[in-house]
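upload.pdb (PDB, C-alpha atoms) appears below.
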```pdb
ATOM      1  CA  MET Y   1      96.775 100.704 100.605  1.00  0.00           C
ATOM      2  CA  ARG Y   2     100.263  99.415 101.047  1.00  0.00           C
ATOM      3  CA  LEU Y   3     101.558  95.928 101.612  1.00  0.00           C
ATOM      4  CA  LEU Y   4     103.767  95.608 104.679  1.00  0.00           C
ATOM      5  CA  VAL Y   5     106.572  93.198 103.819  1.00  0.00           C
ATOM      6  CA  LEU Y   6     108.649  91.985 106.758  1.00  0.00           C
ATOM      7  CA  GLU Y   7     111.762  89.841 106.526  1.00  0.00           C
ATOM      8  CA  THR Y   8     110.838  87.605 109.485  1.00  0.00           C
ATOM      9  CA  PRO Y   9     107.904  87.227 111.892  1.00  0.00           C
ATOM     10  CA  ASP Y  10     110.103  88.691 114.674  1.00  0.00           C
ATOM     11  CA  ALA Y  11     109.842  92.066 112.946  1.00  0.00           C
ATOM     12  CA  LEU Y  12     106.131  92.133 113.819  1.00  0.00           C
ATOM     13  CA  LYS Y  13     106.872  93.018 117.452  1.00  0.00           C
ATOM     14  CA  GLU Y  14     107.543  96.613 116.349  1.00  0.00           C
ATOM     15  CA  TYR Y  15     103.877  96.912 115.334  1.00  0.00           C
ATOM     16  CA  VAL Y  16     102.160  95.966 118.601  1.00  0.00           C
ATOM     17  CA  GLY Y  17      99.433  98.499 119.278  1.00  0.00           C
ATOM     18  CA  LYS Y  18      99.586  99.881 115.732  1.00  0.00           C
ATOM     19  CA  GLU Y  19      97.485  99.599 112.630  1.00  0.00           C
ATOM     20  CA  ILE Y  20      99.204  97.391 110.066  1.00  0.00           C
ATOM     21  CA  GLY Y  21      97.052  98.347 107.108  1.00  0.00           C
ATOM     22  CA  VAL Y  22      93.826  98.184 105.161  1.00  0.00           C
ATOM     23  CA  SER Y  23      93.093  95.681 102.393  1.00  0.00           C
ATOM     24  CA  GLU Y  24      91.811  96.322  98.909  1.00  0.00           C
ATOM     25  CA  TRP Y  25      88.056  96.256  98.329  1.00  0.00           C
ATOM     26  CA  MET Y  26      86.477  92.904  97.434  1.00  0.00           C
ATOM     27  CA  VAL Y  27      82.993  92.308  95.998  1.00  0.00           C
ATOM     28  CA  VAL Y  28      80.871  89.669  97.720  1.00  0.00           C
ATOM     29  CA  ALA Y  29      78.834  88.350  94.790  1.00  0.00           C
ATOM     30  CA  GLN Y  30      75.891  85.961  94.916  1.00  0.00           C
ATOM     31  CA  GLU Y  31      78.014  83.255  93.274  1.00  0.00           C
ATOM     32  CA  ARG Y  32      80.475  83.324  96.204  1.00  0.00           C
ATOM     33  CA  ILE Y  33      77.574  83.233  98.693  1.00  0.00           C
ATOM     34  CA  ASN Y  34      76.065  80.229  96.878  1.00  0.00           C
ATOM     35  CA  GLN Y  35      79.411  78.412  96.814  1.00  0.00           C
ATOM     36  CA  PHE Y  36      79.810  78.965 100.550  1.00  0.00           C
ATOM     37  CA  ALA Y  37      76.255  77.707 101.132  1.00  0.00           C
ATOM     38  CA  GLU Y  38      77.062  74.521  99.240  1.00  0.00           C
ATOM     39  CA  ALA Y  39      80.389  73.992 101.008  1.00  0.00           C
ATOM     40  CA  THR Y  40      78.833  74.419 104.468  1.00  0.00           C
ATOM     41  CA  GLU Y  41      75.358  73.059 103.664  1.00  0.00           C
ATOM     42  CA  ASP Y  42      73.880  76.263 105.091  1.00  0.00           C
ATOM     43  CA  ARG Y  43      71.305  76.999 102.410  1.00  0.00           C
ATOM     44  CA  GLN Y  44      69.028  79.296 104.412  1.00  0.00           C
ATOM     45  CA  TRP Y  45      66.853  81.316 102.022  1.00  0.00           C
ATOM     46  CA  ILE Y  46      68.149  84.644 103.299  1.00  0.00           C
ATOM     47  CA  HIS Y  47      71.479  83.718 101.662  1.00  0.00           C
ATOM     48  CA  VAL Y  48      70.520  81.789  98.518  1.00  0.00           C
ATOM     49  CA  ASN Y  49      67.029  82.803  97.385  1.00  0.00           C
ATOM     50  CA  PRO Y  50      67.184  86.325  95.903  1.00  0.00           C
ATOM     51  CA  GLU Y  51      63.487  86.429  94.969  1.00  0.00           C
ATOM     52  CA  ARG Y  52      62.252  85.452  98.417  1.00  0.00           C
ATOM     53  CA  ALA Y  53      64.839  87.641 100.142  1.00  0.00           C
ATOM     54  CA  LYS Y  54      63.740  90.628  98.073  1.00  0.00           C
ATOM     55  CA  LYS Y  55      60.167  90.150  99.277  1.00  0.00           C
ATOM     56  CA  GLU Y  56      60.553  88.871 102.837  1.00  0.00           C
ATOM     57  CA  SER Y  57      63.951  89.886 104.164  1.00  0.00           C
ATOM     58  CA  PRO Y  58      64.384  93.109 106.130  1.00  0.00           C
ATOM     59  CA  PHE Y  59      67.506  93.628 103.968  1.00  0.00           C
ATOM     60  CA  ARG Y  60      65.483  93.471 100.722  1.00  0.00           C
ATOM     61  CA  GLY Y  61      67.928  91.019  99.197  1.00  0.00           C
ATOM     62  CA  THR Y  62      70.281  88.202 100.055  1.00  0.00           C
ATOM     63  CA  ILE Y  63      73.107  88.606 102.534  1.00  0.00           C
ATOM     64  CA  ALA Y  64      76.393  86.771 102.984  1.00  0.00           C
ATOM     65  CA  HIS Y  65      76.782  84.241 105.763  1.00  0.00           C
ATOM     66  CA  GLY Y  66      78.559  85.735 108.757  1.00  0.00           C
ATOM     67  CA  PHE Y  67      81.006  82.840 108.625  1.00  0.00           C
ATOM     68  CA  LEU Y  68      81.725  83.620 104.958  1.00  0.00           C
ATOM     69  CA  THR Y  69      82.690  87.160 105.909  1.00  0.00           C
ATOM     70  CA  LEU Y  70      84.811  85.819 108.765  1.00  0.00           C
ATOM     71  CA  SER Y  71      86.558  83.327 106.481  1.00  0.00           C
ATOM     72  CA  LEU Y  72      87.521  86.095 104.043  1.00  0.00           C
ATOM     73  CA  ILE Y  73      89.714  87.736 106.694  1.00  0.00           C
ATOM     74  CA  SER Y  74      92.671  85.525 105.786  1.00  0.00           C
ATOM     75  CA  ARG Y  75      92.276  86.429 102.098  1.00  0.00           C
ATOM     76  CA  LEU Y  76      92.019  90.143 102.867  1.00  0.00           C
ATOM     77  CA  ALA Y  77      95.126  89.943 105.067  1.00  0.00           C
ATOM     78  CA  LYS Y  78      97.190  88.983 102.005  1.00  0.00           C
ATOM     79  CA  ASP Y  79      96.731  92.563 100.763  1.00  0.00           C
ATOM     80  CA  VAL Y  80      98.184  93.928 103.996  1.00  0.00           C
ATOM     81  CA  LEU Y  81     100.987  91.731 105.360  1.00  0.00           C
ATOM     82  CA  ARG Y  82     103.647  89.385 103.995  1.00  0.00           C
ATOM     83  CA  ILE Y  83     106.439  87.658 105.910  1.00  0.00           C
ATOM     84  CA  SER Y  84     109.336  86.919 103.515  1.00  0.00           C
ATOM     85  CA  SER Y  85     111.249  84.281 105.478  1.00  0.00           C
ATOM     86  CA  GLY Y  86     112.068  82.920 108.923  1.00  0.00           C
ATOM     87  CA  THR Y  87     109.071  80.632 109.164  1.00  0.00           C
ATOM     88  CA  ARG Y  88     108.534  77.086 107.978  1.00  0.00           C
ATOM     89  CA  LEU Y  89     104.805  77.080 108.643  1.00  0.00           C
ATOM     90  CA  THR Y  90     102.135  79.703 109.287  1.00  0.00           C
ATOM     91  CA  ILE Y  91      98.799  78.581 110.707  1.00  0.00           C
ATOM     92  CA  ASN Y  92      95.458  80.050 111.632  1.00  0.00           C
ATOM     93  CA  TYR Y  93      95.480  79.174 115.340  1.00  0.00           C
ATOM     94  CA  GLY Y  94      91.996  80.445 116.068  1.00  0.00           C
ATOM     95  CA  LEU Y  95      89.876  83.392 117.011  1.00  0.00           C
ATOM     96  CA  ASN Y  96      88.959  85.367 120.057  1.00  0.00           C
ATOM     97  CA  ARG Y  97      85.872  87.545 120.322  1.00  0.00           C
ATOM     98  CA  VAL Y  98      83.970  87.499 116.995  1.00  0.00           C
ATOM     99  CA  ARG Y  99      80.947  89.678 116.227  1.00  0.00           C
ATOM    100  CA  PHE Y 100      78.837  90.461 113.146  1.00  0.00           C
ATOM    101  CA  PRO Y 101      77.463  93.979 113.814  1.00  0.00           C
ATOM    102  CA  SER Y 102      75.944  94.487 110.349  1.00  0.00           C
ATOM    103  CA  PRO Y 103      75.080  92.347 107.305  1.00  0.00           C
ATOM    104  CA  VAL Y 104      76.969  92.105 104.016  1.00  0.00           C
ATOM    105  CA  ARG Y 105      74.423  92.493 101.255  1.00  0.00           C
ATOM    106  CA  GLU Y 106      74.958  90.619  98.002  1.00  0.00           C
ATOM    107  CA  GLY Y 107      77.115  92.697  95.665  1.00  0.00           C
ATOM    108  CA  ALA Y 108      78.601  94.791  98.475  1.00  0.00           C
ATOM    109  CA  ARG Y 109      82.274  95.678  98.607  1.00  0.00           C
ATOM    110  CA  ILE Y 110      84.182  94.805 101.768  1.00  0.00           C
ATOM    111  CA  ARG Y 111      87.688  95.436 103.019  1.00  0.00           C
ATOM    112  CA  ALA Y 112      89.499  94.709 106.275  1.00  0.00           C
ATOM    113  CA  ARG Y 113      91.488  96.916 108.615  1.00  0.00           C
ATOM    114  CA  PHE Y 114      94.194  95.121 110.618  1.00  0.00           C
ATOM    115  CA  SER Y 115      96.121  96.054 113.741  1.00  0.00           C
ATOM    116  CA  LEU Y 116      98.520  94.030 115.860  1.00  0.00           C
ATOM    117  CA  LEU Y 117      97.060  93.584 119.342  1.00  0.00           C
ATOM    118  CA  SER Y 118      99.822  91.393 120.785  1.00  0.00           C
ATOM    119  CA  PHE Y 119     102.909  89.408 119.856  1.00  0.00           C
ATOM    120  CA  GLN Y 120     104.442  86.610 121.945  1.00  0.00           C
ATOM    121  CA  ASP Y 121     107.147  83.998 121.665  1.00  0.00           C
ATOM    122  CA  ARG Y 122     105.476  80.668 122.500  1.00  0.00           C
ATOM    123  CA  GLY Y 123     108.689  78.636 122.229  1.00  0.00           C
ATOM    124  CA  GLU Y 124     107.891  76.511 119.199  1.00  0.00           C
ATOM    125  CA  ALA Y 125     106.090  79.402 117.484  1.00  0.00           C
ATOM    126  CA  LEU Y 126     105.682  83.160 117.441  1.00  0.00           C
ATOM    127  CA  GLU Y 127     102.064  84.188 118.026  1.00  0.00           C
ATOM    128  CA  ALA Y 128     100.429  87.320 116.648  1.00  0.00           C
ATOM    129  CA  VAL Y 129      96.937  88.414 117.638  1.00  0.00           C
ATOM    130  CA  LEU Y 130      95.540  90.609 114.891  1.00  0.00           C
ATOM    131  CA  GLY Y 131      92.584  92.864 115.392  1.00  0.00           C
ATOM    132  CA  SER Y 132      90.524  92.712 112.224  1.00  0.00           C
ATOM    133  CA  SER Y 133      87.570  94.856 111.365  1.00  0.00           C
ATOM    134  CA  VAL Y 134      85.776  94.086 108.104  1.00  0.00           C
ATOM    135  CA  GLU Y 135      84.102  97.165 106.678  1.00  0.00           C
ATOM    136  CA  CYS Y 136      81.283  97.227 104.160  1.00  0.00           C
ATOM    137  CA  GLU Y 137      81.371 100.172 101.779  1.00  0.00           C
ATOM    138  CA  GLY Y 138      78.743 102.729 102.737  1.00  0.00           C
ATOM    139  CA  ASN Y 139      78.000 101.265 106.196  1.00  0.00           C
ATOM    140  CA  ASP Y 140      78.719 103.065 109.444  1.00  0.00           C
ATOM    141  CA  LYS Y 141      79.202  99.814 111.392  1.00  0.00           C
ATOM    142  CA  PRO Y 142      81.667  97.064 110.526  1.00  0.00           C
ATOM    143  CA  CYS Y 143      80.188  93.792 109.281  1.00  0.00           C
ATOM    144  CA  CYS Y 144      82.659  91.600 111.172  1.00  0.00           C
ATOM    145  CA  VAL Y 145      85.033  92.260 114.047  1.00  0.00           C
ATOM    146  CA  ALA Y 146      87.400  89.556 115.260  1.00  0.00           C
ATOM    147  CA  GLU Y 147      90.674  88.923 117.029  1.00  0.00           C
ATOM    148  CA  TRP Y 148      92.578  86.509 114.807  1.00  0.00           C
ATOM    149  CA  ILE Y 149      95.417  84.402 116.229  1.00  0.00           C
ATOM    150  CA  VAL Y 150      98.190  83.494 113.787  1.00  0.00           C
ATOM    151  CA  ARG Y 151     101.168  81.309 114.688  1.00  0.00           C
ATOM    152  CA  TYR Y 152     104.476  81.389 112.849  1.00  0.00           C
ATOM    153  CA  TYR Y 153     106.479  78.192 113.396  1.00  0.00           C
ATOM    154  CA  LYS Y 154     110.249  78.533 113.218  1.00  0.00           C
TER
END
```

Now, as a test, write the supplied structure out as structure tokens.
Amino acid sequence: MRLLVLETPDALKEYVGKEIGVSEWMVVAQERINQFAEATEDRQWIHVNPERAKKESPFRGTIAHGFLTLSLISRLAKDVLRISSGTRLTINYGLNRVRFPSPVREGARIRARFSLLSFQDRGEALEAVLGSSVECEGNDKPCCVAEWIVRYYK
């Protein structure tokens, strides 16, 4: 897994339609799930009660919140892409189509695969739409698929 380092955001346009890279593996531990539950006040038992989840859940254990998995995309992207200069501000502009095809079980390892779907000059900013597919080790289906919009302000 290699880090793609680009001098400026403009250099991204060469990667439209191509895979940029794949992140390192990351463990989604119960502690992280609990912290997310506290931060969002989403304390549903399927996420935070291992004993009950082991008995009653179809997954036989706790699972990460879908939104936790989604929020880790920006962290996983740091393993894949770095822009060295040419931008004063980089923001998460939003998301297009988001799906959670399979759960992330507590203790699972995830990684993300990124491709550049489009790149446009919006005047005040350069906009990249990244296709991101979060994989869970050992699963056939991804656990999260999203189009992530990032803006680089000049």

Q. Using all atoms listed in the file, which residue out of Y:Glu19, Y:Glu41, Y:Glu56, Y:Glu7 lies closest to Leu130 of chain Y?
A.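 Using all atoms listed in the file, Leu130 of chain Y sits closest to Y:Glu19.
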
Assuming the chain letters and numbering stay as they are in my file, what does the PyMOL selection byres ((chain Y and resi 57) around 12) actually select? List them as a PDB file with C-alpha atoms, in the coordinates of the input.
```
ATOM      1  CA  GLN Y  44      69.028  79.296 104.412  1.00  0.00           C
ATOM      2  CA  TRP Y  45      66.853  81.316 102.022  1.00  0.00           C
ATOM      3  CA  ILE Y  46      68.149  84.644 103.299  1.00  0.00           C
ATOM      4  CA  HIS Y  47      71.479  83.718 101.662  1.00  0.00           C
ATOM      5  CA  VAL Y  48      70.520  81.789  98.518  1.00  0.00           C
ATOM      6  CA  ASN Y  49      67.029  82.803  97.385  1.00  0.00           C
ATOM      7  CA  PRO Y  50      67.184  86.325  95.903  1.00  0.00           C
ATOM      8  CA  GLU Y  51      63.487  86.429  94.969  1.00  0.00           C
ATOM      9  CA  ARG Y  52      62.252  85.452  98.417  1.00  0.00           C
ATOM     10  CA  ALA Y  53      64.839  87.641 100.142  1.00  0.00           C
ATOM     11  CA  LYS Y  54      63.740  90.628  98.073  1.00  0.00           C
ATOM     12  CA  LYS Y  55      60.167  90.150  99.277  1.00  0.00           C
ATOM     13  CA  GLU Y  56      60.553  88.871 102.837  1.00  0.00           C
ATOM     14  CA  PRO Y  58      64.384  93.109 106.130  1.00  0.00           C
ATOM     15  CA  PHE Y  59      67.506  93.628 103.968  1.00  0.00           C
ATOM     16  CA  ARG Y  60      65.483  93.471 100.722  1.00  0.00           C
ATOM     17  CA  GLY Y  61      67.928  91.019  99.197  1.00  0.00           C
ATOM     18  CA  THR Y  62      70.281  88.202 100.055  1.00  0.00           C
ATOM     19  CA  ILE Y  63      73.107  88.606 102.534  1.00  0.00           C
ATOM     20  CA  PRO Y 103      75.080  92.347 107.305  1.00  0.00           C
ATOM     21  CA  ARG Y 105      74.423  92.493 101.255  1.00  0.00           C
TER      22      ARG Y 105
END
```

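What separates atom CA of Val150 of chain Y from atom CA of Val129 of chain Y is a distance of 6.4 Å.
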
Q. Using all atoms listed in the file, which of the listed residues (Y:Arg99, Y:Lys154, Y:Arg82, Y:Lys13) sits closest to Phe67 of chain Y?
A.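 Smallest separation from Phe67 of chain Y among the options: Y:Arg99.
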
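Note that atom CA of Ser85 of chain Y and atom CA of Val16 of chain Y are 19.8 Å apart.
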
Q: Could you check how far atom CA of Leu81 of chain Y sits from atom CA of Leu95 of chain Y, in Å to one decimal?
A: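 Interatomic distance, atom CA of Leu81 of chain Y to atom CA of Leu95 of chain Y: 18.1 Å.
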
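With only C-alpha atoms as the atoms that count, the residue of Y:Pro9, Y:Gly66, Y:Pro101, Y:Gly131 with the shortest distance to Trp148 of chain Y is Y:Gly131.
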
Q: Please evaluate the PyMOL selection byres ((chain Y and resi 108) around 7) against the structure above and give the resulting residues as a PyMOL selection string.
A: chain Y and resi 27-28+104-107+109-110+136-137

Q: List the residues sitting within 12 Å of (84.7, 90.9, 108.2) in the file's frame, using only C-alpha atoms, as a PyMOL selection string.
A: chain Y and resi 23+25-26+28+64-77+98-104+109-114+131-137+141-148

Q: Name every residue that the PyMOL selection byres ((chain Y and resi 121) around 12) selects in this structure, writing the answer as JSON, numbers by chain with chains first and numbers rising.
A: {"Y": [9, 10, 12, 13, 118, 119, 120, 122, 123, 124, 125, 126, 127, 128, 129, 150, 151, 152, 153, 154]}

(Q) Which residue is closest to Ile20 of chain Y? Choose from Y:Ile33, Y:Leu117, Y:Leu89, Y:Ile149 and count only C-alpha atoms. (A)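 Closest candidate: Y:Leu117.
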
Q. Taking into account all atoms listed in the file, which residue in the set Y:Thr8, Y:Asn139, Y:Lys18, Y:Arg2 is nearest to Leu116 of chain Y?
A.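 Looking only at the distances to Leu116 of chain Y, the closest residue turns out to be Y:Lys18.
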
Find the axis-aligned box for segment 105-119 of chain Y, covering all its listed atoms and adding 4 Å on each side, and write its centre and edge lengths in Å to one decimal as lines of an AutoDock Vina configuration file.
```
center_x = 88.7
center_y = 93.2
center_z = 108.2
size_x = 36.5
size_y = 15.5
size_z = 33.1
```
